[in-house]
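Visitor: So here's target.pdb, just PDB, C-alpha atoms:
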```pdb
ATOM      1  CA  MET Z   1       3.152  -3.240 -45.843
ATOM      2  CA  ARG Z   2       3.348  -0.196 -48.103
ATOM      3  CA  ARG Z   3      -0.104   0.947 -46.989
ATOM      4  CA  GLY Z   4       0.827   0.527 -43.318
ATOM      5  CA  MET Z   5       3.956   2.643 -43.789
ATOM      6  CA  ALA Z   6       1.896   5.364 -45.458
ATOM      7  CA  VAL Z   7      -0.523   5.412 -42.517
ATOM      8  CA  LEU Z   8       2.380   5.634 -40.048
ATOM      9  CA  LEU Z   9       3.977   8.527 -41.931
ATOM     10  CA  ALA Z  10       0.650  10.338 -42.143
ATOM     11  CA  GLY Z  11       0.197   9.981 -38.402
ATOM     12  CA  LEU Z  12       3.677  11.301 -37.698
ATOM     13  CA  LEU Z  13       3.050  14.273 -40.017
ATOM     14  CA  VAL Z  14      -0.201  15.147 -38.230
ATOM     15  CA  GLY Z  15       1.600  14.983 -34.882
ATOM     16  CA  VAL Z  16       4.393  17.282 -36.047
ATOM     17  CA  CYS Z  17       1.903  19.770 -37.531
ATOM     18  CA  CYS Z  18      -0.030  19.873 -34.268
ATOM     19  CA  GLN Z  19       3.157  20.586 -32.315
ATOM     20  CA  VAL Z  20       4.155  23.398 -34.710
ATOM     21  CA  ALA Z  21       0.688  24.964 -34.528
ATOM     22  CA  ARG Z  22       0.781  24.846 -30.737
ATOM     23  CA  ALA Z  23       4.245  26.426 -30.625
ATOM     24  CA  LEU Z  24       2.988  29.408 -32.632
ATOM     25  CA  THR Z  25       0.180  30.592 -30.383
ATOM     26  CA  ALA Z  26       0.352  34.294 -29.642
ATOM     27  CA  ARG Z  27       0.359  33.862 -25.872
ATOM     28  CA  GLU Z  28       3.230  31.366 -25.993
ATOM     29  CA  ILE Z  29       5.320  33.778 -28.062
ATOM     30  CA  LEU Z  30       4.703  36.597 -25.572
ATOM     31  CA  ASP Z  31       5.391  34.312 -22.622
ATOM     32  CA  LYS Z  32       8.644  33.161 -24.200
ATOM     33  CA  ALA Z  33       9.766  36.771 -24.662
ATOM     34  CA  LYS Z  34       8.799  37.539 -21.059
ATOM     35  CA  THR Z  35      10.762  34.495 -19.828
ATOM     36  CA  LEU Z  36      13.863  35.720 -21.666
ATOM     37  CA  ASP Z  37      13.452  39.152 -20.045
ATOM     38  CA  ASP Z  38      13.248  37.450 -16.648
ATOM     39  CA  THR Z  39      16.249  35.147 -17.160
ATOM     40  CA  THR Z  40      19.030  35.434 -19.734
ATOM     41  CA  ARG Z  41      18.137  39.036 -20.638
ATOM     42  CA  HIS Z  42      17.381  40.094 -17.090
ATOM     43  CA  TRP Z  43      18.608  43.462 -15.890
ATOM     44  CA  THR Z  44      18.146  45.183 -12.532
ATOM     45  CA  ASP Z  45      18.564  48.831 -13.484
ATOM     46  CA  ARG Z  46      19.034  50.883 -16.634
ATOM     47  CA  THR Z  47      20.175  54.420 -17.472
ATOM     48  CA  GLN Z  48      19.232  55.933 -20.850
ATOM     49  CA  HIS Z  49      20.087  59.327 -22.333
ATOM     50  CA  MET Z  50      17.810  60.345 -25.196
ATOM     51  CA  SER Z  51      17.462  63.004 -27.857
ATOM     52  CA  LEU Z  52      13.926  63.655 -29.132
ATOM     53  CA  VAL Z  53      12.758  65.549 -32.215
ATOM     54  CA  ILE Z  54       9.034  66.348 -32.422
ATOM     55  CA  THR Z  55       7.618  67.322 -35.816
ATOM     56  CA  ASP Z  56       4.075  68.734 -35.904
ATOM     57  CA  GLY Z  57       1.564  68.544 -38.746
ATOM     58  CA  GLY Z  58       2.910  71.746 -40.298
ATOM     59  CA  GLY Z  59       6.517  70.563 -40.336
ATOM     60  CA  ALA Z  60       7.756  72.670 -37.403
ATOM     61  CA  THR Z  61      10.199  70.875 -35.095
ATOM     62  CA  ARG Z  62      10.992  70.977 -31.388
ATOM     63  CA  ARG Z  63      13.753  69.190 -29.520
ATOM     64  CA  ARG Z  64      14.009  67.554 -26.128
ATOM     65  CA  GLU Z  65      16.965  66.077 -24.234
ATOM     66  CA  LEU Z  66      16.281  63.801 -21.311
ATOM     67  CA  ALA Z  67      17.586  61.013 -19.120
ATOM     68  CA  VAL Z  68      15.548  58.025 -17.948
ATOM     69  CA  TYR Z  69      16.520  55.879 -14.971
ATOM     70  CA  THR Z  70      14.720  52.577 -14.402
ATOM     71  CA  LYS Z  71      14.907  49.938 -11.679
ATOM     72  CA  ARG Z  72      13.192  46.561 -11.524
ATOM     73  CA  TYR Z  73      11.957  44.860  -8.382
ATOM     74  CA  SER Z  74      10.410  41.495  -7.552
ATOM     75  CA  ALA Z  75       6.860  40.534  -8.617
ATOM     76  CA  ASP Z  76       7.180  42.590 -11.842
ATOM     77  CA  GLU Z  77       7.308  45.888  -9.967
ATOM     78  CA  GLU Z  78       9.273  48.606 -11.768
ATOM     79  CA  LYS Z  79      10.109  52.239 -11.072
ATOM     80  CA  ALA Z  80      11.311  54.848 -13.571
ATOM     81  CA  ILE Z  81      12.207  58.499 -13.267
ATOM     82  CA  THR Z  82      12.788  60.930 -16.143
ATOM     83  CA  PHE Z  83      14.482  64.323 -16.104
ATOM     84  CA  LEU Z  84      14.507  66.823 -18.974
ATOM     85  CA  SER Z  85      17.678  68.863 -19.530
ATOM     86  CA  ALA Z  86      16.768  70.752 -22.727
ATOM     87  CA  PRO Z  87      15.342  73.033 -23.966
ATOM     88  CA  ALA Z  88      16.117  75.527 -21.225
ATOM     89  CA  GLU Z  89      12.457  76.254 -20.445
ATOM     90  CA  LEU Z  90      11.887  72.582 -19.623
ATOM     91  CA  HIS Z  91      15.100  71.993 -17.698
ATOM     92  CA  GLY Z  92      14.317  70.167 -14.463
ATOM     93  CA  VAL Z  93      10.881  68.897 -15.482
ATOM     94  CA  GLY Z  94      10.595  65.407 -14.061
ATOM     95  CA  PHE Z  95       8.343  62.382 -14.428
ATOM     96  CA  LEU Z  96       8.114  59.488 -11.974
ATOM     97  CA  GLN Z  97       6.334  56.196 -12.683
ATOM     98  CA  TRP Z  98       5.806  53.202 -10.393
ATOM     99  CA  SER Z  99       4.570  50.197 -12.369
ATOM    100  CA  HIS Z 100       2.561  47.473 -10.641
ATOM    101  CA  ARG Z 101       1.358  44.083 -11.756
ATOM    102  CA  GLY Z 102      -2.425  43.717 -11.812
ATOM    103  CA  ARG Z 103      -3.247  47.336 -10.991
ATOM    104  CA  ASP Z 104      -2.838  50.791 -12.443
ATOM    105  CA  ASP Z 105       0.556  52.467 -12.423
ATOM    106  CA  GLU Z 106       1.239  55.502 -10.266
ATOM    107  CA  GLN Z 107       2.611  58.556 -12.086
ATOM    108  CA  TRP Z 108       3.778  62.025 -11.003
ATOM    109  CA  LEU Z 109       4.932  65.060 -13.007
ATOM    110  CA  TYR Z 110       7.116  67.778 -11.484
ATOM    111  CA  LEU Z 111       7.053  71.292 -12.966
ATOM    112  CA  PRO Z 112       9.921  73.403 -11.549
ATOM    113  CA  GLU Z 113       8.400  76.653 -12.819
ATOM    114  CA  LEU Z 114       5.441  76.061 -10.488
ATOM    115  CA  LYS Z 115       7.529  74.222  -7.860
ATOM    116  CA  ARG Z 116       4.748  71.671  -7.857
ATOM    117  CA  THR Z 117       4.391  67.893  -8.213
ATOM    118  CA  ARG Z 118       1.170  66.750  -9.847
ATOM    119  CA  GLN Z 119      -0.059  63.194  -9.663
ATOM    120  CA  ILE Z 120      -1.305  62.007 -13.053
ATOM    121  CA  ALA Z 121      -4.812  60.756 -12.355
ATOM    122  CA  ALA Z 122      -6.315  58.016 -14.511
ATOM    123  CA  ARG Z 123      -8.481  60.533 -16.394
ATOM    124  CA  LEU Z 124      -5.345  62.461 -17.428
ATOM    125  CA  ARG Z 125      -3.303  59.494 -18.712
ATOM    126  CA  ASP Z 126      -4.145  60.294 -22.346
ATOM    127  CA  GLU Z 127      -2.502  63.723 -22.239
ATOM    128  CA  SER Z 128       0.728  64.265 -24.173
ATOM    129  CA  PHE Z 129       3.988  63.705 -22.320
ATOM    130  CA  VAL Z 130       5.854  67.054 -22.531
ATOM    131  CA  GLY Z 131       4.532  67.830 -26.013
ATOM    132  CA  THR Z 132       5.548  64.521 -27.635
ATOM    133  CA  ASP Z 133       3.378  62.009 -29.493
ATOM    134  CA  PHE Z 134       3.632  59.694 -26.481
ATOM    135  CA  THR Z 135       0.895  59.969 -23.877
ATOM    136  CA  PHE Z 136       1.356  59.062 -20.231
ATOM    137  CA  ARG Z 137      -0.692  55.950 -20.954
ATOM    138  CA  ASP Z 138       1.567  55.010 -23.868
ATOM    139  CA  LEU Z 139       4.529  55.032 -21.472
ATOM    140  CA  GLN Z 140       2.580  52.738 -19.159
ATOM    141  CA  ILE Z 141       1.670  50.369 -22.005
ATOM    142  CA  LEU Z 142       5.271  50.074 -23.194
ATOM    143  CA  THR Z 143       6.274  49.059 -19.674
ATOM    144  CA  ASP Z 144       3.394  46.668 -19.013
ATOM    145  CA  LEU Z 145       2.574  45.023 -22.357
ATOM    146  CA  LEU Z 146       4.547  41.798 -21.860
ATOM    147  CA  ARG Z 147       3.179  41.505 -18.321
ATOM    148  CA  TRP Z 148      -0.475  41.480 -19.338
ATOM    149  CA  THR Z 149      -2.273  38.203 -18.826
ATOM    150  CA  GLU Z 150      -4.574  36.628 -21.394
ATOM    151  CA  ALA Z 151      -7.538  37.812 -19.316
ATOM    152  CA  GLU Z 152      -6.238  41.395 -19.317
ATOM    153  CA  ALA Z 153      -5.428  41.400 -23.050
ATOM    154  CA  PRO Z 154      -6.706  38.470 -25.146
ATOM    155  CA  THR Z 155      -4.327  37.692 -28.009
ATOM    156  CA  HIS Z 156      -4.555  36.375 -31.546
ATOM    157  CA  LEU Z 157      -1.768  35.363 -33.928
ATOM    158  CA  SER Z 158      -2.705  36.940 -37.252
ATOM    159  CA  GLY Z 159       0.242  35.870 -39.400
ATOM    160  CA  GLU Z 160       3.795  36.815 -40.202
ATOM    161  CA  GLU Z 161       5.392  39.761 -41.969
ATOM    162  CA  ALA Z 162       8.873  41.168 -42.511
ATOM    163  CA  VAL Z 163       9.762  44.427 -40.756
ATOM    164  CA  ALA Z 164      13.024  46.061 -41.849
ATOM    165  CA  GLY Z 165      14.112  42.724 -43.289
ATOM    166  CA  HIS Z 166      13.329  40.730 -40.137
ATOM    167  CA  LEU Z 167      10.584  38.096 -40.167
ATOM    168  CA  CYS Z 168       8.054  38.888 -37.445
ATOM    169  CA  GLU Z 169       5.027  37.215 -35.892
ATOM    170  CA  THR Z 170       2.039  39.568 -35.980
ATOM    171  CA  ILE Z 171       0.155  39.464 -32.680
ATOM    172  CA  GLU Z 172      -3.115  41.262 -31.957
ATOM    173  CA  LEU Z 173      -3.916  42.238 -28.376
ATOM    174  CA  ARG Z 174      -7.297  43.532 -27.219
ATOM    175  CA  PRO Z 175      -6.692  45.176 -23.828
ATOM    176  CA  LYS Z 176      -9.562  44.944 -21.340
ATOM    177  CA  LEU Z 177      -8.058  47.274 -18.748
ATOM    178  CA  GLU Z 178     -10.205  50.067 -17.350
ATOM    179  CA  GLY Z 179      -9.801  53.400 -19.126
ATOM    180  CA  MET Z 180      -7.820  51.930 -22.034
ATOM    181  CA  PRO Z 181      -8.292  54.179 -25.120
ATOM    182  CA  TYR Z 182      -7.088  51.485 -27.533
ATOM    183  CA  GLY Z 183      -9.441  48.730 -28.610
ATOM    184  CA  ARG Z 184      -6.637  46.846 -30.314
ATOM    185  CA  ILE Z 185      -2.836  46.874 -30.361
ATOM    186  CA  VAL Z 186      -0.926  44.992 -33.064
ATOM    187  CA  LEU Z 187       2.596  43.901 -32.203
ATOM    188  CA  TRP Z 188       5.247  42.748 -34.676
ATOM    189  CA  MET Z 189       7.551  40.421 -32.698
ATOM    190  CA  ASP Z 190      10.865  39.446 -34.279
ATOM    191  CA  ARG Z 191      10.630  35.668 -34.699
ATOM    192  CA  ASP Z 192      14.323  34.994 -34.062
ATOM    193  CA  ALA Z 193      15.266  37.705 -31.568
ATOM    194  CA  LEU Z 194      11.875  37.784 -29.777
ATOM    195  CA  THR Z 195      11.949  41.551 -29.483
ATOM    196  CA  PRO Z 196       9.259  44.025 -30.625
ATOM    197  CA  ARG Z 197       9.917  45.848 -33.900
ATOM    198  CA  ARG Z 198       6.623  47.665 -34.428
ATOM    199  CA  LEU Z 199       3.376  48.497 -32.617
ATOM    200  CA  ASP Z 200       0.144  49.802 -34.151
ATOM    201  CA  PHE Z 201      -2.501  51.354 -31.908
ATOM    202  CA  PHE Z 202      -6.206  51.330 -32.855
ATOM    203  CA  ASP Z 203      -8.852  53.372 -31.062
ATOM    204  CA  LEU Z 204     -12.194  52.028 -29.869
ATOM    205  CA  ASP Z 205     -13.669  52.689 -33.335
ATOM    206  CA  ALA Z 206     -11.022  50.396 -34.889
ATOM    207  CA  THR Z 207      -9.186  53.336 -36.511
ATOM    208  CA  ARG Z 208      -5.388  53.097 -36.539
ATOM    209  CA  THR Z 209      -4.226  56.177 -34.661
ATOM    210  CA  LYS Z 210      -0.524  55.611 -33.942
ATOM    211  CA  THR Z 211       2.429  53.567 -35.161
ATOM    212  CA  LEU Z 212       5.600  52.986 -33.158
ATOM    213  CA  SER Z 213       8.727  51.681 -34.906
ATOM    214  CA  LEU Z 214      11.668  50.273 -32.931
ATOM    215  CA  GLU Z 215      14.869  50.236 -34.960
ATOM    216  CA  ASP Z 216      18.669  50.020 -34.689
ATOM    217  CA  ILE Z 217      18.375  47.187 -32.177
ATOM    218  CA  ARG Z 218      21.792  46.468 -30.695
ATOM    219  CA  ASP Z 219      22.810  43.713 -28.300
ATOM    220  CA  LEU Z 220      24.282  45.257 -25.154
ATOM    221  CA  GLY Z 221      25.640  42.077 -23.661
ATOM    222  CA  PRO Z 222      22.671  39.679 -23.783
ATOM    223  CA  ILE Z 223      20.097  42.503 -23.910
ATOM    224  CA  PRO Z 224      18.678  43.651 -27.299
ATOM    225  CA  THR Z 225      18.137  47.406 -27.048
ATOM    226  CA  PRO Z 226      16.449  49.629 -29.683
ATOM    227  CA  HIS Z 227      18.417  52.853 -30.188
ATOM    228  CA  HIS Z 228      16.036  54.563 -32.626
ATOM    229  CA  LEU Z 229      12.267  54.849 -32.115
ATOM    230  CA  GLU Z 230       9.628  56.753 -34.042
ATOM    231  CA  MET Z 231       6.052  57.332 -32.873
ATOM    232  CA  GLN Z 232       3.725  58.590 -35.609
ATOM    233  CA  ASN Z 233       0.401  60.152 -34.683
ATOM    234  CA  LEU Z 234      -1.758  59.500 -37.739
ATOM    235  CA  LYS Z 235      -4.611  61.766 -36.611
ATOM    236  CA  LYS Z 236      -2.388  64.793 -36.070
ATOM    237  CA  ASN Z 237       0.090  63.952 -38.851
ATOM    238  CA  SER Z 238       2.897  64.463 -36.326
ATOM    239  CA  ARG Z 239       5.770  62.304 -35.173
ATOM    240  CA  THR Z 240       8.330  62.002 -32.402
ATOM    241  CA  VAL Z 241      11.754  60.526 -33.167
ATOM    242  CA  VAL Z 242      13.783  59.190 -30.244
ATOM    243  CA  ASP Z 243      17.509  58.453 -30.486
ATOM    244  CA  LEU Z 244      19.314  56.859 -27.572
ATOM    245  CA  THR Z 245      22.732  58.454 -27.176
ATOM    246  CA  ASP Z 246      23.868  56.358 -24.206
ATOM    247  CA  VAL Z 247      22.530  53.244 -22.460
ATOM    248  CA  LYS Z 248      23.934  51.454 -19.415
ATOM    249  CA  TYR Z 249      22.637  48.447 -17.493
ATOM    250  CA  ASN Z 250      23.180  47.307 -13.910
ATOM    251  CA  THR Z 251      25.101  50.268 -12.528
ATOM    252  CA  GLY Z 252      23.574  49.978  -9.045
ATOM    253  CA  LEU Z 253      20.990  52.788  -9.010
ATOM    254  CA  ALA Z 254      19.845  53.597  -5.475
ATOM    255  CA  ASP Z 255      16.240  53.107  -4.378
ATOM    256  CA  ASP Z 256      15.892  56.694  -3.134
ATOM    257  CA  LEU Z 257      16.329  57.965  -6.712
ATOM    258  CA  PHE Z 258      12.766  56.822  -7.448
ATOM    259  CA  THR Z 259      10.947  59.065  -4.977
ATOM    260  CA  GLN Z 260       8.956  62.284  -5.149
ATOM    261  CA  ARG Z 261      11.626  63.956  -3.040
ATOM    262  CA  TYR Z 262      14.276  63.212  -5.669
ATOM    263  CA  LEU Z 263      11.844  64.105  -8.456
ATOM    264  CA  GLU Z 264      11.706  67.655  -7.095
ATOM    265  CA  ARG Z 265      15.508  67.964  -7.122
ATOM    266  CA  GLY Z 266      15.389  68.111 -10.930
ATOM    267  CA  GLY Z 267      17.924  65.383 -11.605
ATOM    268  CA  PRO Z 268      21.060  63.662 -10.271
TER
END
```
Take the structure in this file and express it as structure tokens.
Guide:
Amino acid sequence: MRRGMAVLLAGLLVGVCCQVARALTAREILDKAKTLDDTTRHWTDRTQHMSLVITDGGGATRRRELAVYTKRYSADEEKAITFLSAPAELHGVGFLQWSHRGRDDEQWLYLPELKRTRQIAARLRDESFVGTDFTFRDLQILTDLLRWTEAEAPTHLSGEEAVAGHLCETIELRPKLEGMPYGRIVLWMDRDALTPRRLDFFDLDATRTKTLSLEDIRDLGPIPTPHHLEMQNLKKNSRTVVDLTDVKYNTGLADDLFTQRYLERGGP
């Protein structure tokens, strides 16, 4: 009788362990976060005002002020438009991005000094966005990362680690998308909140080139929103600090805001 009970308990323990192991796969964690974004955390449009400080390798600083307007559509389509307001020489510079599922994003940059809109071709996606440590491709990755399929970016759960006092699952992604300059991206996903807290970017030679920290995460209604971000470029020894000064969700942004015609107006 005692031996039979021991066998039963052992079997139950194995079953529980198997369920726990299955629940901790990297893809399931990402899918769970994506499901939250599509349901209880869902938003239709967002307005963000940001202050940026760029520090180069020699310690010199530059500042940027900008506003970003974003609208989500069905089938994981998303459109975003950015307008710079400061410094004066960059006032009116605009950036428009249309994000698509399963194919490359479309991006345009408007330069008022030249009165010209330039489409950002795939070969130019690794250029700096208005002198920051974010490239045009980085902006695309931050929009698309949770939408990637396992075929587009195979994943691996490499462990757990605390970031700023929050226990995180460490997930490795190896993007297979054409033109991708990163051979590996490591994501620290908050275990409880299921929101990213850190991203490391590795080039094709497996060298860590950038680190993005997402801090001061506040719940705006049901939506966790980072208000302080820092992108460090380890090759250039530079960094870009982003502070959100105002964020609003679901204000009813019009579709015609996300067009090249509006891009060339220089802002609302």
Visitor: With all atoms listed in the file as the atoms that count, which of Z:His228, Z:Arg101, Z:Arg64, Z:Lys248 lies nearest to Z:Arg147?
Guide: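 Looking only at the distances to Z:Arg147, the closest residue turns out to be Z:Arg101.
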Visitor: What does the distance between atom CA of Z:Pro222 and atom CA of Z:Lys32 come to in Å, to one decimal place?
Guide: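 If I compute the distance from atom CA of Z:Pro222 to atom CA of Z:Lys32, I get 15.5 Å.
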Visitor: So, with all atoms listed in the file as the atoms that count, which of Z:Met231, Z:Met50, Z:Ala162, Z:Ala33 lies closest to Z:Leu214?
Guide: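 Of Z:Met231, Z:Met50, Z:Ala162, Z:Ala33, the one nearest Z:Leu214 is Z:Met231, counting all atoms listed in the file.
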Visitor: So, counting all atoms listed in the file, which residue among Z:Val163, Z:Leu177, Z:Leu52, Z:Ala122 is closest to Z:Arg197?
Guide: Z:Val163
Visitor: Between Z:Leu30, Z:Ser51, Z:Glu113, Z:Arg62, which has the minimum distance to Z:Ser85 (counting only C-alpha atoms)?
Guide: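 For Z:Ser85, the nearest of the given residues is Z:Ser51.
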Visitor: Provide the atom CA of Z:His91 to atom CA of Z:Glu215 distance in Å, to one decimal place.
Guide: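 For atom CA of Z:His91 relative to atom CA of Z:Glu215, the distance reads 27.8 Å.
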Visitor: Pull out every residue that the PyMOL selection byres ((chain Z and resi 160) around 12) matches in the shown coordinates and put them as number ranges by chain.
Guide: Z: 24, 26, 157-159, 161-163, 166-172, 186-191
Visitor: With distances taken over only C-alpha atoms, which of Z:Thr211, Z:Thr44, Z:Gln107, Z:Asn233 is nearest to Z:Leu253?
Guide: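 Between Z:Thr211, Z:Thr44, Z:Gln107, Z:Asn233, the residue approaching Z:Leu253 most closely is Z:Thr44.
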Visitor: Please evaluate the PyMOL selection byres ((chain Z and resi 134) around 10) against the structure above and give the resulting residues as a ChimeraX atom specification.
Guide: /Z:126-133,135-139,210,212,231-233,239-240
